[in-house]
Structures are given as structure tokens and as C-alpha cells.
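Next comes upload_20.cif, a file with mmCIF, C-alpha atoms.
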```
data_work
#
loop_
_atom_site.group_PDB
_atom_site.id
_atom_site.type_symbol
_atom_site.label_atom_id
_atom_site.label_comp_id
_atom_site.auth_asym_id
_atom_site.auth_seq_id
_atom_site.Cartn_x
_atom_site.Cartn_y
_atom_site.Cartn_z
ATOM 1 C CA MET A 11 -61.663 88.733 264.498
ATOM 2 C CA LEU A 12 -59.608 87.975 261.410
ATOM 3 C CA THR A 13 -55.855 88.457 261.429
ATOM 4 C CA ARG A 14 -54.119 90.589 258.838
ATOM 5 C CA THR A 15 -52.846 87.463 257.055
ATOM 6 C CA GLU A 16 -56.343 85.960 256.925
ATOM 7 C CA ILE A 17 -57.738 89.176 255.487
ATOM 8 C CA PHE A 18 -54.976 89.165 252.875
ATOM 9 C CA GLU A 19 -55.738 85.555 251.890
ATOM 10 C CA LYS A 20 -59.456 86.271 251.630
ATOM 11 C CA LEU A 21 -58.723 89.349 249.550
ATOM 12 C CA LYS A 22 -56.495 87.306 247.261
ATOM 13 C CA GLU A 23 -59.362 84.838 246.739
ATOM 14 C CA ILE A 24 -61.616 87.714 245.719
ATOM 15 C CA LEU A 25 -59.025 89.077 243.307
ATOM 16 C CA LEU A 26 -58.384 85.638 241.814
ATOM 17 C CA PHE A 27 -62.080 85.070 241.287
ATOM 18 C CA ALA A 28 -62.488 88.501 239.748
ATOM 19 C CA ASP A 29 -59.590 88.240 237.367
ATOM 20 C CA PRO A 30 -58.463 84.625 236.850
ATOM 21 C CA LYS A 31 -56.375 85.644 233.818
ATOM 22 C CA ASN A 32 -54.107 87.587 236.155
ATOM 23 C CA ARG A 33 -53.525 84.601 238.491
ATOM 24 C CA GLU A 34 -49.734 84.698 238.417
ATOM 25 C CA MET A 35 -49.481 88.370 239.384
ATOM 26 C CA ILE A 36 -52.128 88.079 242.088
ATOM 27 C CA GLU A 37 -50.490 85.027 243.664
ATOM 28 C CA LYS A 38 -47.125 86.778 243.740
ATOM 29 C CA SER A 39 -48.607 89.955 245.199
ATOM 30 C CA ASP A 40 -47.859 91.312 248.652
ATOM 31 C CA GLU A 41 -49.066 94.278 250.674
ATOM 32 C CA ASN A 42 -46.956 96.703 248.637
ATOM 33 C CA THR A 43 -48.401 95.588 245.303
ATOM 34 C CA LYS A 44 -50.040 98.512 243.557
ATOM 35 C CA LEU A 45 -53.572 97.836 242.334
ATOM 36 C CA VAL A 46 -53.395 99.942 239.181
ATOM 37 C CA ALA A 47 -49.718 99.880 238.225
ATOM 38 C CA ASP A 48 -48.899 96.260 239.139
ATOM 39 C CA LEU A 49 -52.195 94.391 238.827
ATOM 40 C CA GLY A 50 -53.564 96.488 235.982
ATOM 41 C CA PHE A 51 -56.776 97.372 237.814
ATOM 42 C CA THR A 52 -59.224 99.788 236.231
ATOM 43 C CA SER A 53 -61.869 101.829 238.024
ATOM 44 C CA VAL A 54 -64.359 99.041 237.315
ATOM 45 C CA SER A 55 -62.050 96.366 238.746
ATOM 46 C CA VAL A 56 -61.705 98.394 241.939
ATOM 47 C CA LEU A 57 -65.450 98.781 242.093
ATOM 48 C CA TYR A 58 -65.854 95.046 241.622
ATOM 49 C CA MET A 59 -63.363 94.416 244.405
ATOM 50 C CA VAL A 60 -65.224 96.795 246.731
ATOM 51 C CA ILE A 61 -68.587 95.092 246.113
ATOM 52 C CA ALA A 62 -67.034 91.660 246.665
ATOM 53 C CA ILE A 63 -65.334 92.847 249.880
ATOM 54 C CA GLU A 64 -68.622 94.268 251.161
ATOM 55 C CA GLU A 65 -70.352 90.950 250.501
ATOM 56 C CA SER A 66 -67.565 88.815 251.944
ATOM 57 C CA PHE A 67 -66.709 90.861 255.023
ATOM 58 C CA GLY A 68 -70.189 92.205 255.756
ATOM 59 C CA PHE A 69 -69.610 95.969 255.954
ATOM 60 C CA VAL A 70 -70.212 98.910 253.641
ATOM 61 C CA PHE A 71 -67.465 101.195 252.367
ATOM 62 C CA GLY A 72 -67.874 104.742 253.677
ATOM 63 C CA ASP A 73 -66.730 108.100 252.407
ATOM 64 C CA VAL A 74 -63.663 106.886 250.541
ATOM 65 C CA SER A 75 -62.737 106.798 246.887
ATOM 66 C CA MET A 76 -60.674 104.719 244.512
ATOM 67 C CA ASN A 77 -57.477 106.724 245.007
ATOM 68 C CA ASP A 78 -57.565 106.008 248.746
ATOM 69 C CA PHE A 79 -56.490 102.451 247.924
ATOM 70 C CA PRO A 80 -53.233 102.619 245.984
ATOM 71 C CA THR A 81 -51.932 99.271 247.290
ATOM 72 C CA ILE A 82 -53.257 95.959 248.595
ATOM 73 C CA GLY A 83 -51.909 96.987 252.013
ATOM 74 C CA ALA A 84 -54.161 100.073 252.019
ATOM 75 C CA VAL A 85 -57.190 97.873 251.310
ATOM 76 C CA ILE A 86 -56.249 95.523 254.151
ATOM 77 C CA ASP A 87 -55.787 98.517 256.497
ATOM 78 C CA TYR A 88 -59.279 99.697 255.675
ATOM 79 C CA ILE A 89 -60.854 96.250 256.115
ATOM 80 C CA GLU A 90 -59.020 95.784 259.400
ATOM 81 C CA ALA A 91 -60.273 99.153 260.682
ATOM 82 C CA GLN A 92 -63.842 98.313 259.684
ATOM 83 C CA LEU A 93 -63.774 94.929 261.359
ATOM 84 C CA LYS A 94 -62.555 96.316 264.701
ATOM 85 C CA MET B 15 -90.461 91.824 233.532
ATOM 86 C CA LYS B 16 -91.096 90.894 237.165
ATOM 87 C CA GLU B 17 -93.358 93.042 239.309
ATOM 88 C CA PRO B 18 -91.110 95.409 241.335
ATOM 89 C CA LYS B 19 -90.756 95.210 245.084
ATOM 90 C CA ASN B 20 -90.336 98.954 245.469
ATOM 91 C CA LYS B 21 -92.161 101.795 243.887
ATOM 92 C CA ALA B 22 -90.757 105.329 243.891
ATOM 93 C CA LYS B 23 -92.811 108.100 245.472
ATOM 94 C CA LEU B 24 -94.546 110.166 242.845
ATOM 95 C CA PHE B 25 -95.072 113.281 244.953
ATOM 96 C CA SER B 26 -92.669 114.677 247.504
ATOM 97 C CA LEU B 27 -91.617 118.158 248.626
ATOM 98 C CA LYS B 28 -88.001 117.457 247.749
ATOM 99 C CA TYR B 29 -89.128 117.039 244.150
ATOM 100 C CA LEU B 30 -90.907 120.406 244.050
ATOM 101 C CA PHE B 31 -88.305 122.173 241.921
ATOM 102 C CA VAL B 32 -87.753 119.345 239.466
ATOM 103 C CA ASP B 33 -91.521 118.918 239.080
ATOM 104 C CA PHE B 34 -91.862 122.649 238.420
ATOM 105 C CA VAL B 35 -89.171 122.434 235.721
ATOM 106 C CA ARG B 36 -90.782 119.373 234.166
ATOM 107 C CA ILE B 37 -94.286 120.830 234.112
ATOM 108 C CA THR B 38 -93.334 124.263 232.807
ATOM 109 C CA GLY B 39 -90.824 122.844 230.354
ATOM 110 C CA ALA B 40 -92.989 120.050 228.959
ATOM 111 C CA LEU B 41 -95.079 121.965 226.449
ATOM 112 C CA PRO B 42 -92.319 124.146 224.907
ATOM 113 C CA THR B 43 -90.051 121.074 224.735
ATOM 114 C CA TYR B 44 -92.651 118.952 222.973
ATOM 115 C CA ILE B 45 -93.471 121.750 220.542
ATOM 116 C CA TRP B 46 -89.812 122.395 219.737
ATOM 117 C CA TYR B 47 -88.584 118.822 219.471
ATOM 118 C CA ARG B 48 -91.774 117.068 218.252
ATOM 119 C CA PRO B 49 -90.273 113.847 219.633
ATOM 120 C CA GLN B 50 -90.635 110.598 217.787
ATOM 121 C CA ILE B 51 -90.242 107.754 220.243
ATOM 122 C CA VAL B 52 -89.518 104.437 218.564
ATOM 123 C CA TYR B 53 -89.605 101.139 220.439
ATOM 124 C CA GLU B 54 -87.395 98.217 219.532
ATOM 125 C CA ASN B 55 -90.241 95.727 219.990
ATOM 126 C CA ARG B 56 -93.421 95.147 221.947
ATOM 127 C CA ALA B 57 -91.531 94.322 225.134
ATOM 128 C CA ALA B 58 -89.695 97.656 224.961
ATOM 129 C CA ARG B 59 -93.050 99.431 224.826
ATOM 130 C CA GLN B 60 -94.011 98.141 228.281
ATOM 131 C CA ARG B 61 -93.847 100.673 231.086
ATOM 132 C CA ILE B 62 -90.731 100.437 233.199
ATOM 133 C CA ARG B 63 -91.856 99.573 236.690
ATOM 134 C CA GLY B 64 -89.511 99.660 239.658
ATOM 135 C CA GLY B 65 -85.879 100.689 239.517
ATOM 136 C CA ALA B 66 -83.960 100.588 236.263
ATOM 137 C CA LEU B 67 -80.688 101.855 234.915
ATOM 138 C CA LEU B 68 -81.079 103.719 231.633
ATOM 139 C CA ILE B 69 -78.068 103.894 229.368
ATOM 140 C CA SER B 70 -77.713 106.010 226.285
ATOM 141 C CA ASN B 71 -75.233 107.217 223.731
ATOM 142 C CA HIS B 72 -73.942 110.739 224.427
ATOM 143 C CA ASN B 73 -74.006 113.159 221.513
ATOM 144 C CA CYS B 74 -74.508 116.438 223.334
ATOM 145 C CA PHE B 75 -75.316 118.086 226.656
ATOM 146 C CA PHE B 76 -79.042 117.999 225.921
ATOM 147 C CA ASP B 77 -79.150 114.186 225.935
ATOM 148 C CA PRO B 78 -80.553 113.996 229.502
ATOM 149 C CA ILE B 79 -83.496 116.125 228.352
ATOM 150 C CA TYR B 80 -84.035 113.851 225.359
ATOM 151 C CA ILE B 81 -84.103 110.796 227.610
ATOM 152 C CA MET B 82 -86.568 112.485 229.937
ATOM 153 C CA ILE B 83 -88.779 113.245 226.950
ATOM 154 C CA ALA B 84 -88.725 109.559 226.004
ATOM 155 C CA LEU B 85 -89.650 108.427 229.516
ATOM 156 C CA TRP B 86 -91.543 111.446 230.785
ATOM 157 C CA TYR B 87 -93.771 109.463 233.112
ATOM 158 C CA ARG B 88 -91.009 108.554 235.540
ATOM 159 C CA ARG B 89 -88.884 110.553 237.934
ATOM 160 C CA HIS B 90 -85.262 109.984 237.326
ATOM 161 C CA HIS B 91 -81.757 110.872 238.311
ATOM 162 C CA ILE B 92 -78.961 111.656 235.894
ATOM 163 C CA VAL B 93 -75.370 110.675 236.554
ATOM 164 C CA CYS B 94 -73.183 113.561 235.418
ATOM 165 C CA ASN B 95 -69.498 114.302 235.345
ATOM 166 C CA GLN B 96 -68.135 115.996 238.477
ATOM 167 C CA GLU B 97 -66.327 118.640 236.386
ATOM 168 C CA PHE B 98 -69.588 119.643 234.739
ATOM 169 C CA TYR B 99 -71.406 119.531 238.074
ATOM 170 C CA ASN B 100 -68.933 121.846 239.800
ATOM 171 C CA THR B 101 -69.776 124.840 237.643
ATOM 172 C CA LYS B 102 -72.222 127.709 238.089
ATOM 173 C CA ALA B 103 -74.951 125.277 237.128
ATOM 174 C CA ARG B 104 -74.406 123.279 240.306
ATOM 175 C CA TRP B 105 -77.490 124.507 242.189
ATOM 176 C CA PHE B 106 -79.697 123.760 239.209
ATOM 177 C CA LEU B 107 -78.170 120.349 238.550
ATOM 178 C CA GLU B 108 -78.504 119.395 242.190
ATOM 179 C CA HIS B 109 -82.194 120.315 242.195
ATOM 180 C CA VAL B 110 -82.964 118.465 238.986
ATOM 181 C CA LEU B 111 -81.658 115.292 240.641
ATOM 182 C CA CYS B 112 -78.224 114.986 239.055
ATOM 183 C CA ILE B 113 -75.709 112.729 240.746
ATOM 184 C CA PRO B 114 -72.094 113.914 240.320
ATOM 185 C CA ILE B 115 -69.478 111.280 239.634
ATOM 186 C CA ASP B 116 -65.739 111.731 239.398
ATOM 187 C CA ILE B 117 -64.763 109.327 236.627
ATOM 188 C CA ASP B 118 -61.063 109.403 237.528
ATOM 189 C CA ASN B 119 -61.579 108.814 241.219
ATOM 190 C CA ILE B 120 -64.928 107.169 241.873
ATOM 191 C CA GLY B 121 -66.207 107.745 245.387
ATOM 192 C CA PHE B 122 -67.907 104.765 246.970
ATOM 193 C CA ASN B 123 -70.565 107.024 248.497
ATOM 194 C CA THR B 124 -71.586 107.944 244.954
ATOM 195 C CA MET B 125 -71.997 104.278 244.119
ATOM 196 C CA LYS B 126 -74.045 103.829 247.263
ATOM 197 C CA GLU B 127 -76.235 106.792 246.342
ATOM 198 C CA ILE B 128 -76.910 105.344 242.885
ATOM 199 C CA ASN B 129 -77.632 101.956 244.434
ATOM 200 C CA ASP B 130 -80.048 103.511 246.932
ATOM 201 C CA HIS B 131 -82.007 105.263 244.183
ATOM 202 C CA LEU B 132 -82.214 102.103 242.116
ATOM 203 C CA THR B 133 -83.278 99.897 244.988
ATOM 204 C CA ALA B 134 -85.869 102.527 245.994
ATOM 205 C CA GLY B 135 -87.519 101.922 242.631
ATOM 206 C CA GLU B 136 -86.284 105.056 240.860
ATOM 207 C CA LEU B 137 -84.673 105.456 237.461
ATOM 208 C CA VAL B 138 -81.049 106.419 237.047
ATOM 209 C CA SER B 139 -79.731 107.497 233.661
ATOM 210 C CA MET B 140 -76.123 107.339 232.702
ATOM 211 C CA PHE B 141 -73.896 107.608 229.684
ATOM 212 C CA PRO B 142 -71.499 104.646 229.599
ATOM 213 C CA GLU B 143 -69.280 106.361 227.019
ATOM 214 C CA GLY B 144 -68.141 108.594 229.882
ATOM 215 C CA HIS B 145 -68.027 111.779 227.807
ATOM 216 C CA VAL B 146 -69.836 113.414 224.908
ATOM 217 C CA ASN B 147 -68.607 111.550 221.826
ATOM 218 C CA ASP B 148 -66.486 113.190 219.174
ATOM 219 C CA GLY B 149 -69.324 113.939 216.757
ATOM 220 C CA SER B 150 -68.206 111.389 214.164
ATOM 221 C CA GLY B 151 -71.422 109.435 214.693
ATOM 222 C CA GLU B 152 -69.515 106.533 216.229
ATOM 223 C CA MET B 153 -69.919 105.752 219.896
ATOM 224 C CA ARG B 154 -66.931 105.496 222.233
ATOM 225 C CA SER B 155 -66.459 102.133 223.889
ATOM 226 C CA PHE B 156 -68.591 101.603 226.981
ATOM 227 C CA LYS B 157 -67.297 101.495 230.545
ATOM 228 C CA SER B 158 -68.410 98.433 232.522
ATOM 229 C CA GLY B 159 -69.406 100.220 235.718
ATOM 230 C CA MET B 160 -73.082 100.314 234.718
ATOM 231 C CA VAL B 161 -73.264 96.490 234.651
ATOM 232 C CA LEU B 162 -71.897 96.303 238.177
ATOM 233 C CA MET B 163 -74.351 98.921 239.393
ATOM 234 C CA ALA B 164 -77.331 97.154 237.823
ATOM 235 C CA MET B 165 -76.230 93.811 239.219
ATOM 236 C CA ARG B 166 -75.704 95.187 242.683
ATOM 237 C CA ALA B 167 -79.123 96.837 242.774
ATOM 238 C CA LYS B 168 -80.708 93.868 240.944
ATOM 239 C CA VAL B 169 -82.389 96.098 238.386
ATOM 240 C CA PRO B 170 -82.576 95.801 234.602
ATOM 241 C CA ILE B 171 -80.686 97.970 232.133
ATOM 242 C CA VAL B 172 -82.749 99.809 229.532
ATOM 243 C CA PRO B 173 -80.737 100.791 226.438
ATOM 244 C CA ILE B 174 -81.775 103.997 224.672
ATOM 245 C CA TYR B 175 -80.388 105.499 221.491
ATOM 246 C CA VAL B 176 -80.765 109.220 220.835
ATOM 247 C CA LYS B 177 -80.304 110.177 217.210
ATOM 248 C CA GLU B 178 -78.220 113.287 216.864
ATOM 249 C CA HIS B 179 -80.640 116.189 216.660
ATOM 250 C CA LYS B 180 -79.447 117.866 213.449
ATOM 251 C CA PRO B 181 -80.679 120.048 211.906
ATOM 252 C CA ARG B 182 -82.130 121.623 215.013
ATOM 253 C CA SER B 183 -85.472 122.158 213.305
ATOM 254 C CA SER B 184 -85.889 118.407 212.678
ATOM 255 C CA ARG B 185 -87.910 116.029 214.837
ATOM 256 C CA LEU B 186 -86.103 114.414 217.720
ATOM 257 C CA LYS B 187 -85.845 110.649 217.372
ATOM 258 C CA VAL B 188 -85.246 108.395 220.363
ATOM 259 C CA VAL B 189 -85.164 104.598 220.168
ATOM 260 C CA VAL B 190 -86.013 102.682 223.349
ATOM 261 C CA GLY B 191 -84.738 99.124 223.611
ATOM 262 C CA GLU B 192 -86.063 96.169 225.554
ATOM 263 C CA ALA B 193 -84.973 96.040 229.200
ATOM 264 C CA ILE B 194 -82.101 93.623 229.777
ATOM 265 C CA ASP B 195 -81.960 91.791 233.078
ATOM 266 C CA VAL B 196 -78.205 91.453 233.571
ATOM 267 C CA ASN B 197 -78.687 89.417 236.730
ATOM 268 C CA GLN B 198 -80.227 86.581 234.756
ATOM 269 C CA LEU B 199 -77.158 86.381 232.531
ATOM 270 C CA PHE B 200 -75.048 84.943 235.351
ATOM 271 C CA GLY B 201 -75.600 81.849 237.444
ATOM 272 C CA SER B 202 -73.455 82.947 240.364
ATOM 273 C CA ARG B 203 -71.013 85.772 241.024
ATOM 274 C CA PRO B 204 -69.607 86.917 237.674
ATOM 275 C CA THR B 205 -65.954 87.470 236.911
ATOM 276 C CA MET B 206 -64.620 90.670 235.376
ATOM 277 C CA THR B 207 -64.518 88.866 232.016
ATOM 278 C CA ASP B 208 -68.259 88.129 232.286
ATOM 279 C CA ILE B 209 -68.921 91.776 233.061
ATOM 280 C CA GLU B 210 -66.833 92.919 230.117
ATOM 281 C CA ASN B 211 -68.733 90.508 227.858
ATOM 282 C CA VAL B 212 -72.067 91.926 228.996
ATOM 283 C CA THR B 213 -70.743 95.439 228.408
ATOM 284 C CA GLU B 214 -69.829 94.412 224.877
ATOM 285 C CA LYS B 215 -73.338 92.972 224.365
ATOM 286 C CA LEU B 216 -74.860 96.244 225.531
ATOM 287 C CA PHE B 217 -72.622 98.135 223.125
ATOM 288 C CA GLN B 218 -73.847 95.906 220.295
ATOM 289 C CA LYS B 219 -77.431 96.465 221.412
ATOM 290 C CA GLU B 220 -76.870 100.239 221.253
ATOM 291 C CA ASN B 221 -75.591 99.811 217.713
ATOM 292 C CA GLU B 222 -78.715 97.820 216.811
ATOM 293 C CA LEU B 223 -80.860 100.646 218.176
ATOM 294 C CA LYS B 224 -78.765 103.060 216.128
ATOM 295 C CA GLU B 225 -79.587 101.045 212.983
ATOM 296 C CA ILE B 226 -83.287 101.333 213.872
ATOM 297 C CA ALA B 227 -82.898 105.085 214.442
ATOM 298 C CA PHE B 228 -81.378 105.509 210.991
ATOM 299 C CA GLY B 229 -83.996 103.242 209.396
ATOM 300 C CA ARG B 230 -81.376 100.686 208.320
ATOM 301 C CA ARG B 231 -82.946 97.907 210.363
ATOM 302 C CA SER B 232 -86.593 97.012 210.787
ATOM 303 C CA ARG B 233 -88.076 96.557 214.236
#
```
If you took the structure in this file and wrote it as C-alpha cells, what would it be?
Amino acid sequence: MLTRTEIFEKLKEILLFADPKNREMIEKSDENTKLVADLGFTSVSVLYMVIAIEESFGFVFGDVSMNDFPTIGAVIDYIEAQLK
Amino acid sequence: MKEPKNKAKLFSLKYLFVDFVRITGALPTYIWYRPQIVYENRAARQRIRGGALLISNHNCFFDPIYIMIALWYRRHHIVCNQEFYNTKARWFLEHVLCIPIDIDNIGFNTMKEINDHLTAGELVSMFPEGHVNDGSGEMRSFKSGMVLMAMRAKVPIVPIYVKEHKPRSSRLKVVVGEAIDVNQLFGSRPTMTDIENVTEKLFQKENELKEIAFGRRSR
């Protein structure tokens, strides 16, 4: 079972791979960082992140939508709940 | 194109209504539109086998019908805007295999549904401009979601250009492009920049098909 910090680090790796141009912002990010407002995510970026999370963590996102993940913390919460 | 792993069912009770609409609507539609289907090249003329994502420019609300006319031999699902779906036409749209999508708040179940159809060997049509364009003849920029969907389902993207049907008494002209296997464009997992580049390529391809539609470029 991964800890919250490990999930965060893995998520950061995904985000860095997805958007290397935004490295500085992603490295500085914390759980309160907003995906759209702070990291400049679009609907496609979120979709990319979701696909990468599904592949990396081995589960499928359920009945949730983009707006359910306003911050990195919300994404980690969801991953944590799925991994339990 | 590779031989598909999956092949969609041709007959099924759940398709009864859409088959009824297609059969009864075929003759009047062909008589009215007298469609002229133009293929970009010989490869584009090949039958699409297995799942594929069809993308087209979006001039008007009849575009899904025009695409179905161009590829009448296959069953396919249309991705349509949630706002349009949630009207009185909902029952009809649901039974003619439309998939509602909320552009401002994409639900991951919707993405899964599209993926399931594609991997089951069915066709899914979508309009990457997001909305009907402004009528100036120029396409809006494309959204990249289609590339992700095609990559996830490991299916090709088939670009289609529908020439604006004006005057209404004229023949309908649809240009079908060669299928593009987006998965072969990347060695490993692509970055967002790669995906945006492919989206740009697809936009250029649509413009090439537009030139063919207007007779400004030879096939």
C-alpha cells in the first residue's frame, strides 16, 4: 500500500512527463495546488493525467468528472481511496 | 491497415430502432442529397475494418447524417454536446446511438464508454471543433481529446471533410481521408506536446481535404 507522499511523488512524475515545459510549477506544487488555475491544465491535460494514473496505479476511474478534481490533493484522495 | 482484433456485431435487438431509421431514411436521403463521396487516395477508399474514430469539420447539425451517408456500411456512434442531448430530442438521440459529452466538465465514464465502443470494433464520430463553426468557412481549432481517445483504444483516426451543403438543392460532397494510425506516431508514451502536434497535423489534414472538396487540390 502506497503512502500519501509516495502517491504524490508518483503523480508528480506523471505530471512532469506530461508537461515538461511546466517543470518549475509542478516541482513547486503541493496538495493545495489547483490543476487549472495554478498549473494551467486544460480538459485534455486532465484526461491525459487520468489515463496515465490508470496505467500507473492499475485502476479505472469511476463515475467522476473533471470538476471533481480541483486540486492535486483531491486527485491524491481519490487514488488513495481506490487503492484501499 | 492491420486486420482488426474485434468486429462489431452487425445485427442486435438494441440496434432495432437505429436500423429502422437507417433503412427507412436511406432512400429519401440519397435522393435528396445525391451524395458525392470523394476519397483522398486509394488507401482512403479501403473499407474501415475494426474500431475507428471519425473526425469531421462541423458546419451544421446535419453533419452526423452526412458522415453516415459517407460510411453507410458501418454502425456508428456520434459524440454530441450534452446541452444538445438534454433537449426534447433526447429519446431519439439516445436510440440513434449518440453519446453525450459535457465539454466543460468531461465525465470519465463518458470516456470509458467511447473507449469501450472503439475497442469493441465500432465507429465513433466526433467533431473536434467542439461546436458548429461560425459559418465563415474556416474551421475552429481542434481540441486534442480525440488523439488521446484514439491512442487509448489503439484505433486509427479517419479524417472526413463535409463541404457546406449550400444551396440546399446542390449535391452533397464529402471527402474521406486516409486513416491515420496515431499510435505509430509515438515510440513510447507521448507528452502533451506530442499530442498537440498530432492535433495540429490532423487540423492540417482537414484543410487538405477541404482543398480537395473545393477542387483546389488534386487527389
For this session: Find the residues around segment 168-178 of chain B up to 7 Å (all atoms listed in the file counted), leave out those fewer than 2 positions away in its own chain, and share them as a VMD selection string.
Result: chain B and resid 65 to 71 73 164 to 166 180 187 to 197 220 223 to 224 227
Separating atom CA of Pro142 of chain B from atom CA of Phe156 of chain B, to the nearest tenth of an Å, is a gap of 5.0 Å
Give me, as a compact mmCIF listing (two decimals) with C-alpha atoms, in the coordinates of the input, the residues of chain A touching chain B, with the criterion being at most 10 Å (counting only C-alpha atoms).
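selection-v9.txt written:
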```
# COMPACT_ATOMS: atom_id res chain seq x y z
CA ILE A 24 -61.62 87.71 245.72
CA LEU A 25 -59.02 89.08 243.31
CA LEU A 26 -58.38 85.64 241.81
CA PHE A 27 -62.08 85.07 241.29
CA ALA A 28 -62.49 88.50 239.75
CA ASP A 29 -59.59 88.24 237.37
CA PRO A 30 -58.46 84.62 236.85
CA LYS A 31 -56.38 85.64 233.82
CA THR A 52 -59.22 99.79 236.23
CA SER A 53 -61.87 101.83 238.02
CA VAL A 54 -64.36 99.04 237.32
CA SER A 55 -62.05 96.37 238.75
CA VAL A 56 -61.70 98.39 241.94
CA LEU A 57 -65.45 98.78 242.09
CA TYR A 58 -65.85 95.05 241.62
CA MET A 59 -63.36 94.42 244.40
CA VAL A 60 -65.22 96.80 246.73
CA ILE A 61 -68.59 95.09 246.11
CA ALA A 62 -67.03 91.66 246.66
CA VAL A 70 -70.21 98.91 253.64
CA PHE A 71 -67.46 101.20 252.37
CA GLY A 72 -67.87 104.74 253.68
CA ASP A 73 -66.73 108.10 252.41
CA VAL A 74 -63.66 106.89 250.54
CA SER A 75 -62.74 106.80 246.89
CA MET A 76 -60.67 104.72 244.51
CA ASN A 77 -57.48 106.72 245.01
CA ASP A 78 -57.56 106.01 248.75
```
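A straight line drawn from atom CA of Val32 of chain B to atom CA of Arg61 of chain B is 21.4 Å long.
The environment of segment 85-94 of chain A within 10 Å, counting only C-alpha atoms and disregarding residues fewer than 3 places along the same chain, consists of Met11, Leu12, Thr13, Arg14, Thr15, Glu16, Ile17, Phe18, Leu21, Glu41, Leu45, Met59, Val60, Ile63, Glu64, Phe67, Gly68, Phe69, Val70, Phe71, Gly72, Val74, Asp78, Phe79, Pro80, Thr81 and Ile82 of chain A.
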Could you list as a PDB file with C-alpha atoms, in the frame of the given file every residue that has an atom within 10 Å of (-69.0, 114.0, 229.8), using the file's coordinates and counting only C-alpha atoms?
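Result file follows (part38.pdb):
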```
ATOM      1  CA  HIS B  72     -73.942 110.739 224.427  1.00  0.00           C
ATOM      2  CA  ASN B  73     -74.006 113.159 221.513  1.00  0.00           C
ATOM      3  CA  CYS B  74     -74.508 116.438 223.334  1.00  0.00           C
ATOM      4  CA  PHE B  75     -75.316 118.086 226.656  1.00  0.00           C
ATOM      5  CA  VAL B  93     -75.370 110.675 236.554  1.00  0.00           C
ATOM      6  CA  CYS B  94     -73.183 113.561 235.418  1.00  0.00           C
ATOM      7  CA  ASN B  95     -69.498 114.302 235.345  1.00  0.00           C
ATOM      8  CA  GLN B  96     -68.135 115.996 238.477  1.00  0.00           C
ATOM      9  CA  GLU B  97     -66.327 118.640 236.386  1.00  0.00           C
ATOM     10  CA  PHE B  98     -69.588 119.643 234.739  1.00  0.00           C
ATOM     11  CA  ILE B 117     -64.763 109.327 236.627  1.00  0.00           C
ATOM     12  CA  PHE B 141     -73.896 107.608 229.684  1.00  0.00           C
ATOM     13  CA  PRO B 142     -71.499 104.646 229.599  1.00  0.00           C
ATOM     14  CA  GLU B 143     -69.280 106.361 227.019  1.00  0.00           C
ATOM     15  CA  GLY B 144     -68.141 108.594 229.882  1.00  0.00           C
ATOM     16  CA  HIS B 145     -68.027 111.779 227.807  1.00  0.00           C
ATOM     17  CA  VAL B 146     -69.836 113.414 224.908  1.00  0.00           C
ATOM     18  CA  ASN B 147     -68.607 111.550 221.826  1.00  0.00           C
TER      19      ASN B 147
END
```
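Here the question is which of A:Glu37, A:Asn32, A:Thr43, A:Glu23 gets nearest to Ala84 of chain A using only C-alpha atoms, and that residue is A:Thr43.
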re atom CA of Glu136 of chain B and atom CA of Gly64 of chain B: distance 6.4 Å
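Each of B:Ile113, B:Leu199, B:Ile79, B:Ala57 was compared to Arg36 of chain B using only C-alpha atoms, and B:Ile79 turns out to be the nearest.
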### Query
Mind telling me what the PyMOL selection byres ((chain B and resi 43) around 12) catches here, as a PyMOL selection string?
chain B and resi 35-42+44-49+76+79-80+82-84+86+185-186
Practice problem: List the residues selected by the PyMOL selection byres ((chain B and resi 112) around 6) in the file shown, writing them as a PyMOL selection string. | Solution: chain B and resi 91-93+107-108+110-111+113
Min atom-atom distance to Trp105 of chain B from the set B:Met140, B:Phe31, B:Asn221, B:Gly149, counting all atoms listed in the file, belongs to B:Phe31
